[in-house]
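A.B. asks: Contents of start.txt (compact mmCIF, C-alpha atoms and all ligand atoms):
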```
# COMPACT_ATOMS: atom_id res chain seq x y z
CA MET T 1050 21.62 2.91 -13.05
CA ILE T 1051 18.35 1.21 -12.00
CA PHE T 1052 18.03 -2.55 -11.62
CA THR T 1053 14.47 -3.70 -11.56
CA GLN T 1054 14.35 -7.46 -11.30
CA GLY T 1055 17.24 -8.69 -9.19
CA GLU T 1056 19.35 -9.18 -12.31
CA SER T 1057 22.28 -11.57 -12.57
CA ARG T 1058 25.57 -9.68 -12.71
CA GLY T 1059 27.72 -12.10 -14.72
CA ASN T 1060 31.21 -12.40 -13.27
CA LEU T 1061 30.93 -9.54 -10.80
CA THR T 1062 32.51 -10.30 -7.42
CA LYS T 1063 32.48 -8.46 -4.10
CA HIS T 1064 35.95 -7.12 -4.94
CA ASP T 1065 34.57 -5.23 -7.95
CA LEU T 1066 32.06 -3.23 -5.91
CA CYS T 1067 32.49 0.39 -5.00
CA THR T 1068 31.99 0.93 -1.30
CA PRO T 1069 30.20 1.43 1.00
CA ALA T 1070 27.91 -1.33 -0.28
CA LEU T 1071 25.14 -3.32 1.36
CA ILE T 1072 25.93 -7.02 1.10
CA LEU T 1073 23.59 -9.96 1.66
CA ASP T 1074 25.15 -13.36 2.26
CA LEU T 1075 22.72 -15.50 0.27
CA ASP T 1076 23.56 -18.79 2.04
CA MET T 1077 22.82 -17.21 5.42
CA PHE T 1078 19.75 -15.37 4.11
CA GLU T 1079 18.30 -18.59 2.68
CA SER T 1080 19.02 -20.44 5.90
CA ASN T 1081 17.15 -17.73 7.87
CA LEU T 1082 14.28 -17.70 5.37
CA ASN T 1083 13.91 -21.49 5.45
CA LYS T 1084 14.25 -21.75 9.22
CA MET T 1085 11.33 -19.39 9.85
CA ALA T 1086 9.28 -21.00 7.05
CA SER T 1087 9.76 -24.51 8.39
CA CYS T 1088 9.06 -23.35 11.94
CA ALA T 1089 5.76 -21.89 10.66
CA ARG T 1090 4.91 -25.21 8.99
CA ASP T 1091 5.90 -27.32 12.01
CA CYS T 1092 4.15 -25.12 14.59
CA ARG T 1093 1.21 -24.43 12.28
CA PHE T 1094 1.28 -20.66 12.40
CA GLN T 1095 0.65 -18.34 9.53
CA LEU T 1096 3.55 -16.09 8.53
CA ARG T 1097 3.06 -12.57 7.14
CA PRO T 1098 6.63 -11.23 7.33
CA HIS T 1099 7.20 -7.52 7.81
CA THR T 1100 8.86 -5.99 4.75
CA LYS T 1101 9.81 -2.78 6.57
CA SER T 1102 13.12 -4.58 7.22
CA HIS T 1103 14.02 -4.98 3.54
CA LYS T 1104 11.67 -2.78 1.42
CA CYS T 1105 12.61 -5.07 -1.44
CA PRO T 1106 10.01 -6.83 -3.65
CA VAL T 1107 12.51 -9.53 -4.68
CA ILE T 1108 12.84 -10.58 -1.03
CA ALA T 1109 9.08 -10.34 -0.47
CA ARG T 1110 8.59 -12.70 -3.42
CA ARG T 1111 11.09 -15.17 -1.88
CA GLN T 1112 9.15 -15.02 1.40
CA ILE T 1113 5.86 -15.76 -0.38
CA GLU T 1114 7.49 -18.63 -2.30
CA ALA T 1115 8.68 -20.01 1.05
CA GLY T 1116 5.08 -20.16 2.29
CA ALA T 1117 4.16 -16.72 3.67
CA VAL T 1118 0.46 -15.87 3.29
CA GLY T 1119 1.26 -12.25 2.46
CA VAL T 1120 3.44 -9.45 3.76
CA CYS T 1121 3.20 -6.58 6.22
CA VAL T 1122 4.21 -3.05 5.30
CA ALA T 1123 4.66 -0.02 7.52
CA THR T 1124 3.81 2.73 5.03
CA LEU T 1125 1.43 3.40 2.19
CA SER T 1126 4.28 3.74 -0.29
CA GLU T 1127 5.68 0.36 0.76
CA ALA T 1128 2.23 -1.09 0.10
CA GLU T 1129 2.12 0.53 -3.34
CA VAL T 1130 5.55 -0.78 -4.30
CA MET T 1131 4.81 -4.33 -3.08
CA ALA T 1132 1.40 -4.37 -4.76
CA GLU T 1133 2.89 -3.13 -8.03
CA ALA T 1134 5.37 -6.02 -7.85
CA GLY T 1135 2.47 -8.48 -7.56
CA ILE T 1136 2.94 -9.34 -3.88
CA PRO T 1137 -0.39 -10.59 -2.45
CA GLY T 1138 -1.93 -10.33 1.03
CA ILE T 1139 -0.60 -6.92 2.04
CA LEU T 1140 -1.31 -5.68 5.56
CA ILE T 1141 -0.51 -2.04 6.34
CA THR T 1142 0.48 -2.13 10.02
CA SER T 1143 0.36 1.63 10.69
CA GLU T 1144 -2.76 3.78 10.83
CA LEU T 1145 -3.37 5.90 7.71
CA VAL T 1146 -4.84 9.23 8.78
CA GLY T 1147 -5.79 12.25 6.69
CA LYS T 1148 -7.32 12.74 3.27
CA PRO T 1149 -4.14 12.53 1.12
CA LYS T 1150 -3.24 9.07 2.41
CA ILE T 1151 -6.83 7.83 2.52
CA GLU T 1152 -7.40 8.79 -1.13
CA ARG T 1153 -4.23 6.94 -2.18
CA LEU T 1154 -5.28 3.98 -0.07
CA MET T 1155 -8.61 3.77 -1.90
CA THR T 1156 -6.89 3.66 -5.30
CA LEU T 1157 -4.81 0.75 -4.04
CA ALA T 1158 -7.72 -1.07 -2.36
CA LYS T 1159 -9.75 -0.89 -5.55
CA ARG T 1160 -7.03 -2.76 -7.45
CA HIS T 1161 -6.13 -5.11 -4.57
CA PRO T 1162 -9.25 -6.30 -2.73
CA ASP T 1163 -7.18 -8.39 -0.27
CA LEU T 1164 -5.39 -5.29 1.08
CA MET T 1165 -5.80 -4.71 4.83
CA VAL T 1166 -5.08 -1.70 7.04
CA VAL T 1167 -5.10 -1.19 10.80
CA VAL T 1168 -7.28 1.33 12.64
CA ASP T 1169 -7.41 2.45 16.28
CA ASN T 1170 -9.79 5.41 16.26
CA ALA T 1171 -13.50 5.96 15.54
CA GLU T 1172 -12.94 9.22 13.65
CA ASN T 1173 -10.38 7.54 11.37
CA VAL T 1174 -12.86 4.67 10.90
CA ARG T 1175 -15.55 7.18 9.89
CA GLN T 1176 -13.27 8.85 7.33
CA LEU T 1177 -12.13 5.52 5.87
CA ALA T 1178 -15.74 4.33 5.65
CA GLN T 1179 -16.83 7.49 3.88
CA ALA T 1180 -13.99 7.21 1.34
CA ALA T 1181 -14.59 3.48 0.82
CA GLU T 1182 -18.26 4.15 0.14
CA ALA T 1183 -17.45 6.92 -2.32
CA HIS T 1184 -14.96 4.67 -4.14
CA LYS T 1185 -17.31 1.66 -3.99
CA VAL T 1186 -14.86 -0.60 -2.21
CA GLN T 1187 -15.18 -2.73 0.89
CA LEU T 1188 -12.04 -2.02 2.87
CA ASN T 1189 -10.53 -4.75 5.08
CA VAL T 1190 -9.52 -3.42 8.48
CA LEU T 1191 -7.90 -4.80 11.61
CA ILE T 1192 -8.12 -3.09 14.97
CA GLU T 1193 -4.68 -2.38 16.31
CA MET T 1194 -4.55 -2.94 20.06
CA ASP T 1195 -2.03 -1.49 22.47
CA VAL T 1196 -0.70 -4.55 24.27
CA GLY T 1197 2.11 -2.73 26.03
CA SER T 1198 4.17 -0.58 23.65
CA HIS T 1199 2.01 2.54 24.24
CA ARG T 1200 2.63 3.80 20.72
CA THR T 1201 -0.67 3.30 18.91
CA GLY T 1202 -3.67 1.04 19.36
CA THR T 1203 -6.87 0.78 21.36
CA ALA T 1204 -6.75 -0.41 24.95
CA PRO T 1205 -7.58 -4.12 25.24
CA GLY T 1206 -11.09 -5.11 26.38
CA MET T 1207 -14.06 -2.71 26.15
CA PRO T 1208 -12.42 0.09 24.08
CA THR T 1209 -11.50 -2.46 21.40
CA LEU T 1210 -14.98 -4.02 21.54
CA GLU T 1211 -16.60 -0.58 21.14
CA LEU T 1212 -14.53 0.17 18.04
CA ALA T 1213 -15.29 -3.29 16.65
CA GLN T 1214 -19.02 -2.58 17.09
CA VAL T 1215 -18.66 0.66 15.13
CA ILE T 1216 -16.92 -1.21 12.30
CA ALA T 1217 -19.48 -4.03 12.38
CA ARG T 1218 -22.23 -1.41 11.73
CA THR T 1219 -20.31 0.03 8.76
CA PRO T 1220 -21.05 -1.76 5.45
CA SER T 1221 -18.07 -0.30 3.56
CA LEU T 1222 -15.60 -1.78 6.07
CA LYS T 1223 -14.92 -5.41 6.88
CA LEU T 1224 -13.34 -6.28 10.21
CA GLN T 1225 -10.79 -9.02 9.56
CA GLY T 1226 -9.24 -9.25 13.01
CA LEU T 1227 -6.87 -7.72 15.53
CA GLN T 1228 -3.27 -6.61 15.41
CA ALA T 1229 -1.35 -7.03 18.66
CA TYR T 1230 2.30 -6.22 18.00
CA ALA T 1231 4.24 -6.29 21.27
CA GLY T 1232 7.22 -4.29 20.03
CA PHE T 1233 8.42 -3.65 23.58
CA ALA T 1234 8.83 -7.41 24.11
CA ALA T 1235 10.85 -8.12 20.96
CA HIS T 1236 14.17 -6.89 22.33
CA ILE T 1237 13.86 -7.81 26.01
CA VAL T 1238 17.21 -9.28 26.99
CA SER T 1239 17.06 -12.92 28.23
CA PHE T 1240 14.71 -15.51 26.83
CA GLU T 1241 12.77 -16.00 30.07
CA SER T 1242 12.07 -12.27 30.56
CA ARG T 1243 11.11 -11.92 26.91
CA LYS T 1244 8.78 -14.89 27.21
CA ALA T 1245 7.08 -13.37 30.26
CA GLY T 1246 6.69 -10.00 28.46
CA SER T 1247 5.27 -11.47 25.28
CA GLU T 1248 2.94 -13.89 27.05
CA GLU T 1249 1.49 -11.09 29.18
CA ALA T 1250 0.92 -8.96 26.07
CA MET T 1251 -0.63 -11.72 24.01
CA ALA T 1252 -2.92 -12.82 26.85
CA LYS T 1253 -4.59 -9.38 26.57
CA ALA T 1254 -5.06 -9.94 22.85
CA PHE T 1255 -6.62 -13.40 23.27
CA GLU T 1256 -8.95 -12.16 26.01
CA THR T 1257 -10.13 -9.32 23.79
CA GLN T 1258 -10.61 -11.64 20.83
CA HIS T 1259 -12.76 -13.81 23.11
CA LEU T 1260 -14.74 -10.78 24.33
CA LEU T 1261 -15.54 -9.80 20.74
CA LYS T 1262 -16.67 -13.34 19.98
CA LYS T 1263 -18.97 -13.27 23.03
CA HIS T 1264 -20.59 -10.18 21.50
CA GLY T 1265 -21.05 -11.86 18.14
CA ILE T 1266 -18.04 -10.30 16.38
CA ASP T 1267 -15.57 -12.65 14.72
CA ALA T 1268 -12.08 -11.20 14.70
CA ASN T 1269 -10.46 -14.41 13.59
CA LEU T 1270 -7.13 -13.07 12.47
CA LEU T 1271 -4.81 -12.21 15.35
CA THR T 1272 -1.53 -10.89 14.01
CA GLY T 1273 1.64 -9.69 15.77
CA GLY T 1274 4.90 -11.06 17.05
CA SER T 1275 8.48 -10.44 15.99
CA THR T 1276 11.83 -12.05 15.33
CA GLY T 1277 12.57 -11.89 19.04
CA THR T 1278 9.38 -13.70 20.09
CA TYR T 1279 8.67 -16.09 17.19
CA ASN T 1280 9.49 -19.18 19.28
CA ILE T 1281 7.40 -17.84 22.19
CA ASP T 1282 4.28 -16.68 20.34
CA SER T 1283 4.16 -19.85 18.23
CA GLN T 1284 3.77 -21.93 21.42
CA LEU T 1285 0.79 -19.99 22.80
CA GLN T 1286 -2.63 -21.58 23.28
CA GLY T 1287 -4.40 -19.80 20.47
CA ALA T 1288 -3.70 -19.08 16.83
CA ILE T 1289 -1.46 -16.15 16.09
CA GLU T 1290 -0.13 -14.99 12.77
CA LEU T 1291 3.51 -13.90 12.95
CA GLN T 1292 4.77 -10.58 11.52
CA ALA T 1293 8.53 -11.15 12.07
CA GLY T 1294 10.75 -9.05 9.82
CA SER T 1295 14.39 -8.81 10.92
CA TYR T 1296 14.98 -12.60 10.93
CA ILE T 1297 16.11 -12.60 7.29
CA PHE T 1298 18.99 -10.14 7.99
CA MET T 1299 19.59 -9.94 11.76
CA ASP T 1300 21.76 -7.28 13.40
CA LEU T 1301 23.75 -6.49 16.54
CA ASP T 1302 20.65 -5.18 18.32
CA TYR T 1303 18.97 -8.56 18.01
CA ARG T 1304 22.06 -10.68 18.56
CA ARG T 1305 22.60 -9.27 22.05
CA ILE T 1306 19.13 -10.20 23.40
CA GLY T 1307 20.21 -13.77 24.13
CA GLY T 1308 18.66 -17.03 23.04
CA ARG T 1309 17.29 -20.04 24.87
CA GLY T 1310 20.20 -20.90 27.15
CA SER T 1311 22.74 -18.69 25.38
CA ASP T 1312 24.06 -15.14 25.75
CA LEU T 1313 23.80 -14.43 22.03
CA TYR T 1314 20.58 -14.78 20.04
CA GLU T 1315 21.74 -16.93 17.16
CA ASP T 1316 18.53 -18.63 15.99
CA PHE T 1317 19.10 -16.61 12.82
CA GLY T 1318 22.47 -15.61 11.43
CA CYS T 1319 23.76 -12.13 10.58
CA ALA T 1320 23.33 -12.16 6.80
CA LEU T 1321 23.57 -8.43 6.14
CA THR T 1322 26.81 -6.45 6.21
CA VAL T 1323 28.24 -3.20 4.97
CA LEU T 1324 31.32 -3.63 2.82
CA SER T 1325 33.90 -0.83 3.19
CA THR T 1326 37.40 0.02 1.99
CA VAL T 1327 40.38 1.12 4.08
CA ILE T 1328 41.08 4.58 2.62
CA SER T 1329 43.73 5.83 5.05
CA ARG T 1330 46.30 4.48 7.51
CA PRO T 1331 47.09 7.54 9.66
CA SER T 1332 49.23 5.54 12.11
CA ALA T 1333 50.17 1.97 13.04
CA ASP T 1334 47.22 1.69 15.43
CA TRP T 1335 44.60 3.45 13.31
CA ALA T 1336 42.92 2.87 9.97
CA THR T 1337 40.02 4.74 8.38
CA VAL T 1338 37.28 3.20 6.23
CA ASP T 1339 34.84 4.87 3.84
CA ALA T 1340 31.76 3.84 5.84
CA GLY T 1341 30.57 6.38 8.39
CA LEU T 1342 27.34 7.93 9.61
CA LYS T 1343 25.73 7.74 6.16
CA ALA T 1344 26.53 4.04 5.78
CA PHE T 1345 24.93 2.76 9.01
CA SER T 1346 21.93 3.86 11.01
CA THR T 1347 23.02 5.42 14.29
CA ASP T 1348 19.89 4.93 16.38
CA LYS T 1349 21.50 2.25 18.58
CA PRO T 1350 24.31 2.67 21.07
CA TYR T 1351 26.53 0.03 19.43
CA ALA T 1352 29.23 0.51 16.83
CA PRO T 1353 29.37 -1.67 13.73
CA GLU T 1354 31.31 -4.90 14.33
CA CYS T 1355 34.07 -5.92 11.94
CA LYS T 1356 33.42 -9.40 10.51
CA THR T 1357 36.59 -9.63 8.41
CA VAL T 1358 39.19 -9.09 11.15
CA GLY T 1359 38.55 -9.75 14.84
CA ASN T 1360 38.92 -7.23 17.67
CA ILE T 1361 38.89 -4.07 15.62
CA ALA T 1362 37.15 -1.25 17.52
CA TYR T 1363 35.04 0.92 15.18
CA SER T 1364 34.11 4.50 16.07
CA TRP T 1365 32.21 7.10 14.05
CA GLY T 1366 34.60 9.34 12.10
CA GLY T 1367 32.03 11.55 10.34
CA ASP T 1368 29.53 11.25 7.52
CA GLU T 1369 31.80 9.26 5.22
CA HIS T 1370 34.42 7.94 7.64
CA GLY T 1371 34.74 5.18 10.20
CA LYS T 1372 37.79 5.11 12.48
CA LEU T 1373 39.30 1.74 13.35
CA ASN T 1374 41.37 1.25 16.47
CA LEU T 1375 43.74 -1.63 15.70
CA THR T 1376 45.45 -1.84 19.11
CA GLN T 1377 43.76 -5.18 19.92
CA ALA T 1378 43.15 -6.29 16.31
CA ASP T 1379 43.87 -9.91 15.34
CA ARG T 1380 46.02 -8.61 12.49
CA GLN T 1381 47.03 -5.46 10.65
CA VAL T 1382 44.93 -4.11 7.78
CA SER T 1383 46.34 -2.53 4.63
CA LEU T 1384 45.35 0.44 2.52
CA GLY T 1385 42.69 -0.58 0.01
CA GLU T 1386 41.69 -3.65 2.00
CA ARG T 1387 37.98 -4.48 2.03
CA LEU T 1388 36.39 -4.91 5.44
CA GLU T 1389 32.82 -6.05 6.16
CA PHE T 1390 30.84 -4.85 9.17
CA ILE T 1391 27.82 -6.36 10.89
CA ILE T 1392 25.29 -3.57 11.26
CA PRO T 1393 23.79 -2.25 14.52
CA HIS T 1394 20.16 -2.08 13.29
CA CYS T 1395 19.00 -3.55 9.99
CA ASP T 1396 15.76 -1.68 9.10
CA PRO T 1397 17.01 1.92 9.13
CA THR T 1398 20.37 0.90 7.60
CA VAL T 1399 18.69 -0.73 4.60
CA ASN T 1400 16.69 2.47 4.12
CA LEU T 1401 20.01 4.28 3.38
CA TYR T 1402 20.80 2.22 0.26
CA ASP T 1403 19.39 1.90 -3.24
CA CYS T 1404 20.26 -1.77 -3.67
CA ILE T 1405 21.37 -4.94 -1.98
CA TYR T 1406 24.21 -6.97 -3.48
CA ALA T 1407 23.13 -10.60 -3.11
CA VAL T 1408 26.37 -12.52 -2.78
CA ARG T 1409 27.29 -16.21 -2.64
CA GLY T 1410 30.86 -16.65 -1.49
CA GLU T 1411 32.68 -13.90 -3.38
CA LYS T 1412 30.32 -13.86 -6.37
CA VAL T 1413 27.60 -11.23 -6.75
CA GLU T 1414 24.63 -13.33 -7.89
CA ALA T 1415 22.14 -10.49 -8.17
CA ILE T 1416 21.50 -6.84 -7.42
CA TRP T 1417 18.17 -6.32 -5.69
CA PRO T 1418 16.62 -2.84 -5.72
CA ILE T 1419 15.38 -1.51 -2.39
CA ALA T 1420 12.43 -0.21 -4.32
CA ALA T 1421 10.37 1.00 -1.35
CA ARG T 1422 13.14 2.87 0.45
CA GLY T 1423 12.32 6.25 1.92
CA TYR T 1424 8.74 7.44 1.60
CA ILE T 1425 7.45 8.07 -1.87
CA PRO T 1426 5.12 11.07 -1.82
CA TYR T 1427 3.02 12.45 -4.62
C1 LIG J 1501 3.98 -3.62 13.51
C2 LIG J 1501 5.24 -4.43 13.40
N1 LIG J 1501 5.16 -5.75 13.21
C3 LIG J 1501 6.26 -6.51 13.08
C4 LIG J 1501 7.54 -5.96 13.15
C5 LIG J 1501 8.72 -6.85 12.93
O1 LIG J 1501 9.57 -6.94 13.99
P1 LIG J 1501 11.03 -7.57 13.86
O2 LIG J 1501 11.75 -6.89 12.75
O3 LIG J 1501 11.60 -7.26 15.17
O4 LIG J 1501 10.85 -9.01 13.60
C6 LIG J 1501 7.67 -4.59 13.38
C7 LIG J 1501 9.00 -3.97 13.52
O5 LIG J 1501 9.22 -2.86 13.88
C8 LIG J 1501 6.49 -3.80 13.49
O6 LIG J 1501 6.55 -2.45 13.70
```
Mind converting the file's structure to structure tokens?
C.D. replies:
Amino acid sequence: MIFTQGESRGNLTKHDLCTPALILDLDMFESNLNKMASCARDCRFQLRPHTKSHKCPVIARRQIEAGAVGVCVATLSEAEVMAEAGIPGILITSELVGKPKIERLMTLAKRHPDLMVVVDNAENVRQLAQAAEAHKVQLNVLIEMDVGSHRTGTAPGMPTLELAQVIARTPSLKLQGLQAYAGFAAHIVSFESRKAGSEEAMAKAFETQHLLKKHGIDANLLTGGSTGTYNIDSQLQGAIELQAGSYIFMDLDYRRIGGRGSDLYEDFGCALTVLSTVISRPSADWATVDAGLKAFSTDKPYAPECKTVGNIAYSWGGDEHGKLNLTQADRQVSLGERLEFIIPHCDPTVNLYDCIYAVRGEKVEAIWPIAARGYIPY
């Protein structure tokens, strides 16, 4: 059964759903969406939210309607899905290397002239330029800088300037700016430490932007930032476009980083949960639910947290099972009972599901396809 447009589901309620199911609390989601959008308006920064968190064109459309200038994507197939859904202003935030991806990129760039992609290497630039020339397109590129994550990106300063000069000499490419995503700073625990980390990273980006300008190269767009640093980066002396993604859903990984003057980071609420069913009651102190390793990503060292009943301790029980220790639980749970869990890490959990149930109260208002889940090869 494929739902394409976020269809209304009549009288469907949460209780009618087979589990495990990915649930989005629409009130919380809209509050998160609007909070970031109004912060962007008030602080005058441009928002290009990262869709790697949701991979869902319906949500991307809601972000654009709330004022985003476009969206970021992590993969070529995410870009294709978003473009097909009519989402404008797509920035591919990972380098696309090798002929198969470059050819597919050209097909997309031909149809969507506002598409942008990051680069960090002269050889990749040469191959992109050659393909762009052959396909008669002018490809928009941003130089990705390494501002501290040591994952991808050119070193700030001269190495970035040298690559910018190569691009400036290449007619089939247009340098639109710089990407400086300080991923390492996003999850630094404590607001003050996170602020120091992000400010140090972004200072390198501003200095490099200035260096390019001194050499006659305008790299006006400076894009980066995250859910964890939105209220830090938006206060910097210099214009930055924000790529935050997780803010619409939130998760345990983000909640624990702490906010301004608080132990929990609650600027945005946990809107995404996994709904499960108690399928066994082996003993008075134990229950088992139908949501295990295949229902949550397991890349973080935290277990899912039960939202329905307090003080239940979840542990992994296998692919399809989660074990619940009820020794400290606020109350007993019964066979067949539905329990919701806040997820450890939103992006890779969403990637496990075909659709999101968008719920208001108990009512399922819509079913949104996670159309860009996985990687779509051809
Ligand atoms: C390049 C890039 N930009 C932005 C983000 C969004 O970060 P967050 O979901 O923490 O807001 C990510 C997340 O991994 C990313 O890789």
A.B. asks: Can you list, as a PyMOL selection string, every protein, DNA or RNA residue that comes within 7 Å of Thr1272 of chain T when you count all atoms listed in the file, leaving out same-chain residues fewer than 3 positions away?
C.D. replies: chain T and resi 1227-1229+1289-1292
A.B. asks: Could those selected residues go to a file with C-alpha atoms, as a tab-separated table (two decimals), in the coordinates of the input?
C.D. replies:
```
chain	number	residue	atom	x	y	z
T	1227	LEU	CA	-6.87	-7.72	15.53
T	1228	GLN	CA	-3.27	-6.61	15.41
T	1229	ALA	CA	-1.35	-7.03	18.66
T	1289	ILE	CA	-1.46	-16.15	16.09
T	1290	GLU	CA	-0.13	-14.99	12.77
T	1291	LEU	CA	3.51	-13.90	12.95
T	1292	GLN	CA	4.77	-10.58	11.52
```
A.B. asks: How many Å separate atom CA of Gln1112 of chain T from atom CA of Arg1422 of chain T?
C.D. replies: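 Computed distance, atom CA of Gln1112 of chain T to atom CA of Arg1422 of chain T, equals 18.4 Å.
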A.B. asks: Which one of T:Ser1283, T:Ser1221, T:Gln1381, T:Asn1083 sits closest to Met1251 of chain T if you count all atoms listed in the file?
C.D. replies: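 Closest to Met1251 of chain T of all the choices is T:Ser1283.
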A.B. asks: Set out as CSV a contact list for segment 1112-1177 of chain T and segment 1182-1191 of chain T with a cut-off of 12 Å, giving each residue of segment 1112-1177 of chain T that qualifies its closest atom pair and distance in Å to one decimal, counting all atoms listed in the file, ordered by chain and rising residue number.
C.D. replies:
```
residue,atom,partner,partner_atom,distance
T:Gly1138,CA,T:Asn1189,CA,11.0
T:Ile1139,CA,T:Asn1189,CA,10.6
T:Leu1140,CA,T:Leu1191,CA,9.0
T:Ile1141,CA,T:Val1190,CA,9.4
T:Thr1142,CA,T:Leu1191,CA,8.9
T:Ser1143,CA,T:Leu1191,CA,10.5
T:Glu1144,CA,T:Leu1191,CA,10.0
T:Leu1145,CA,T:Val1190,CA,11.2
T:Ile1151,CA,T:His1184,CA,11.0
T:Glu1152,CA,T:His1184,CA,9.1
T:Arg1153,CA,T:His1184,CA,11.1
T:Leu1154,CA,T:Leu1188,CA,9.5
T:Met1155,CA,T:His1184,CA,6.8
T:Thr1156,CA,T:His1184,CA,8.2
T:Leu1157,CA,T:Val1186,CA,10.3
T:Ala1158,CA,T:Leu1188,CA,6.8
T:Lys1159,CA,T:Val1186,CA,6.1
T:Arg1160,CA,T:Val1186,CA,9.7
T:His1161,CA,T:Leu1188,CA,10.0
T:Pro1162,CA,T:Leu1188,CA,7.6
T:Asp1163,CA,T:Asn1189,CA,7.3
T:Leu1164,CA,T:Asn1189,CA,6.5
T:Met1165,CA,T:Asn1189,CA,4.7
T:Val1166,CA,T:Val1190,CA,5.0
T:Val1167,CA,T:Leu1191,CA,4.6
T:Val1168,CA,T:Leu1191,CA,6.2
T:Asp1169,CA,T:Leu1191,CA,8.6
T:Asn1170,CA,T:Leu1191,CA,11.4
T:Asn1173,CA,T:Val1190,CA,11.4
T:Val1174,CA,T:Val1190,CA,9.1
T:Arg1175,CA,T:Glu1182,CA,10.6
T:Gln1176,CA,T:Glu1182,CA,9.9
T:Leu1177,CA,T:Leu1188,CA,8.1
```
A.B. asks: Please produce, as JSON lines, a per-residue contact table for segment 1305-1380 of chain T versus segment 1060-1071 of chain T (criterion: any atom at most 12 Å away, all atoms listed in the file considered), showing the nearest atom pair and its distance in Å to one decimal, sorted by chain then residue number.
C.D. replies:
```
{"residue": "T:Ala1320", "atom": "CA", "partner": "T:Leu1071", "partner_atom": "CA", "distance": 10.5}
{"residue": "T:Leu1321", "atom": "CA", "partner": "T:Leu1071", "partner_atom": "CA", "distance": 7.2}
{"residue": "T:Thr1322", "atom": "CA", "partner": "T:Leu1071", "partner_atom": "CA", "distance": 6.0}
{"residue": "T:Val1323", "atom": "CA", "partner": "T:Leu1071", "partner_atom": "CA", "distance": 4.8}
{"residue": "T:Leu1324", "atom": "CA", "partner": "T:Ala1070", "partner_atom": "CA", "distance": 5.2}
{"residue": "T:Ser1325", "atom": "CA", "partner": "T:Pro1069", "partner_atom": "CA", "distance": 4.9}
{"residue": "T:Thr1326", "atom": "CA", "partner": "T:Thr1068", "partner_atom": "CA", "distance": 6.4}
{"residue": "T:Val1327", "atom": "CA", "partner": "T:Thr1068", "partner_atom": "CA", "distance": 10.0}
{"residue": "T:Ile1328", "atom": "CA", "partner": "T:Thr1068", "partner_atom": "CA", "distance": 10.6}
{"residue": "T:Val1338", "atom": "CA", "partner": "T:Pro1069", "partner_atom": "CA", "distance": 9.0}
{"residue": "T:Asp1339", "atom": "CA", "partner": "T:Pro1069", "partner_atom": "CA", "distance": 6.4}
{"residue": "T:Ala1340", "atom": "CA", "partner": "T:Pro1069", "partner_atom": "CA", "distance": 5.6}
{"residue": "T:Gly1341", "atom": "CA", "partner": "T:Pro1069", "partner_atom": "CA", "distance": 8.9}
{"residue": "T:Leu1342", "atom": "CA", "partner": "T:Pro1069", "partner_atom": "CA", "distance": 11.2}
{"residue": "T:Lys1343", "atom": "CA", "partner": "T:Pro1069", "partner_atom": "CA", "distance": 9.3}
{"residue": "T:Ala1344", "atom": "CA", "partner": "T:Pro1069", "partner_atom": "CA", "distance": 6.6}
{"residue": "T:Phe1345", "atom": "CA", "partner": "T:Pro1069", "partner_atom": "CA", "distance": 9.7}
{"residue": "T:Asp1368", "atom": "CA", "partner": "T:Pro1069", "partner_atom": "CA", "distance": 11.8}
{"residue": "T:Glu1369", "atom": "CA", "partner": "T:Pro1069", "partner_atom": "CA", "distance": 9.0}
{"residue": "T:His1370", "atom": "CA", "partner": "T:Pro1069", "partner_atom": "CA", "distance": 10.2}
{"residue": "T:Gly1371", "atom": "CA", "partner": "T:Pro1069", "partner_atom": "CA", "distance": 10.9}
```
A.B. asks: Dump the neighbourhood of ligand LIG 1501 (chain J) as a VMD selection string: all residues within 10 Å, distances computed on all atoms listed in the file.
C.D. replies: chain T and resid 1097 to 1103 1121 to 1123 1140 to 1143 1167 1193 1201 1228 to 1236 1272 to 1279 1291 to 1299 1302 to 1303 1394 to 1396
A.B. asks: My list of candidates is T:Ala1181, T:Arg1305, T:Arg1093, T:Arg1200. Which is closest to Gln1286 of chain T when distances are computed with only C-alpha atoms?
C.D. replies: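 Using only C-alpha atoms, Gln1286 of chain T sits closest to T:Arg1093.
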A.B. asks: Which residues are close to Ser1383 of chain T, i.e. within 9 Å by all atoms listed in the file, leaving aside same-chain residues fewer than 5 positions away? Reply as a list in words.
C.D. replies: Val1327, Ser1329, Arg1330 and Ala1336 of chain T
A.B. asks: Compare T:Gly1197, T:Phe1317, T:Thr1257, T:Thr1203 by their minimum atom-to-atom distance to Ser1080 of chain T, counting all atoms listed in the file, and give me the closest one.
C.D. replies: T:Phe1317
A.B. asks: Distance atom CA of Pro1397 of chain T-atom CA of Leu1270 of chain T, one decimal place?
C.D. replies: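 Separating atom CA of Pro1397 of chain T from atom CA of Leu1270 of chain T is a distance of 28.6 Å.
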A.B. asks: Near Glu1315 of chain T, within 7 Å and counting only C-alpha atoms, which residues show up once chain neighbours fewer than 3 positions away are dropped, as number ranges by chain?
C.D. replies: T: 1304, 1308, 1318
A.B. asks: So the first atom is atom CA of Leu1373 of chain T and the second is atom CA of Leu1401 of chain T; what is the distance between them in Å, to one decimal place?
C.D. replies: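 Straight-line distance from atom CA of Leu1373 of chain T to atom CA of Leu1401 of chain T works out to 21.9 Å.
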A.B. asks: Using all atoms listed in the file, which residues sit within 10 Å of Ile1113 of chain T once same-chain residues fewer than 2 positions away are excluded, as number ranges by chain?
C.D. replies: T: 1086, 1096-1098, 1108-1111, 1115-1120, 1136-1138
A.B. asks: Which of these residues is nearest to Ala1420 of chain T, using only C-alpha atoms: T:Asn1280, T:Ser1126, T:Gln1377, T:Ser1247?
C.D. replies: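 Of all the options, T:Ser1126 lies closest to Ala1420 of chain T.
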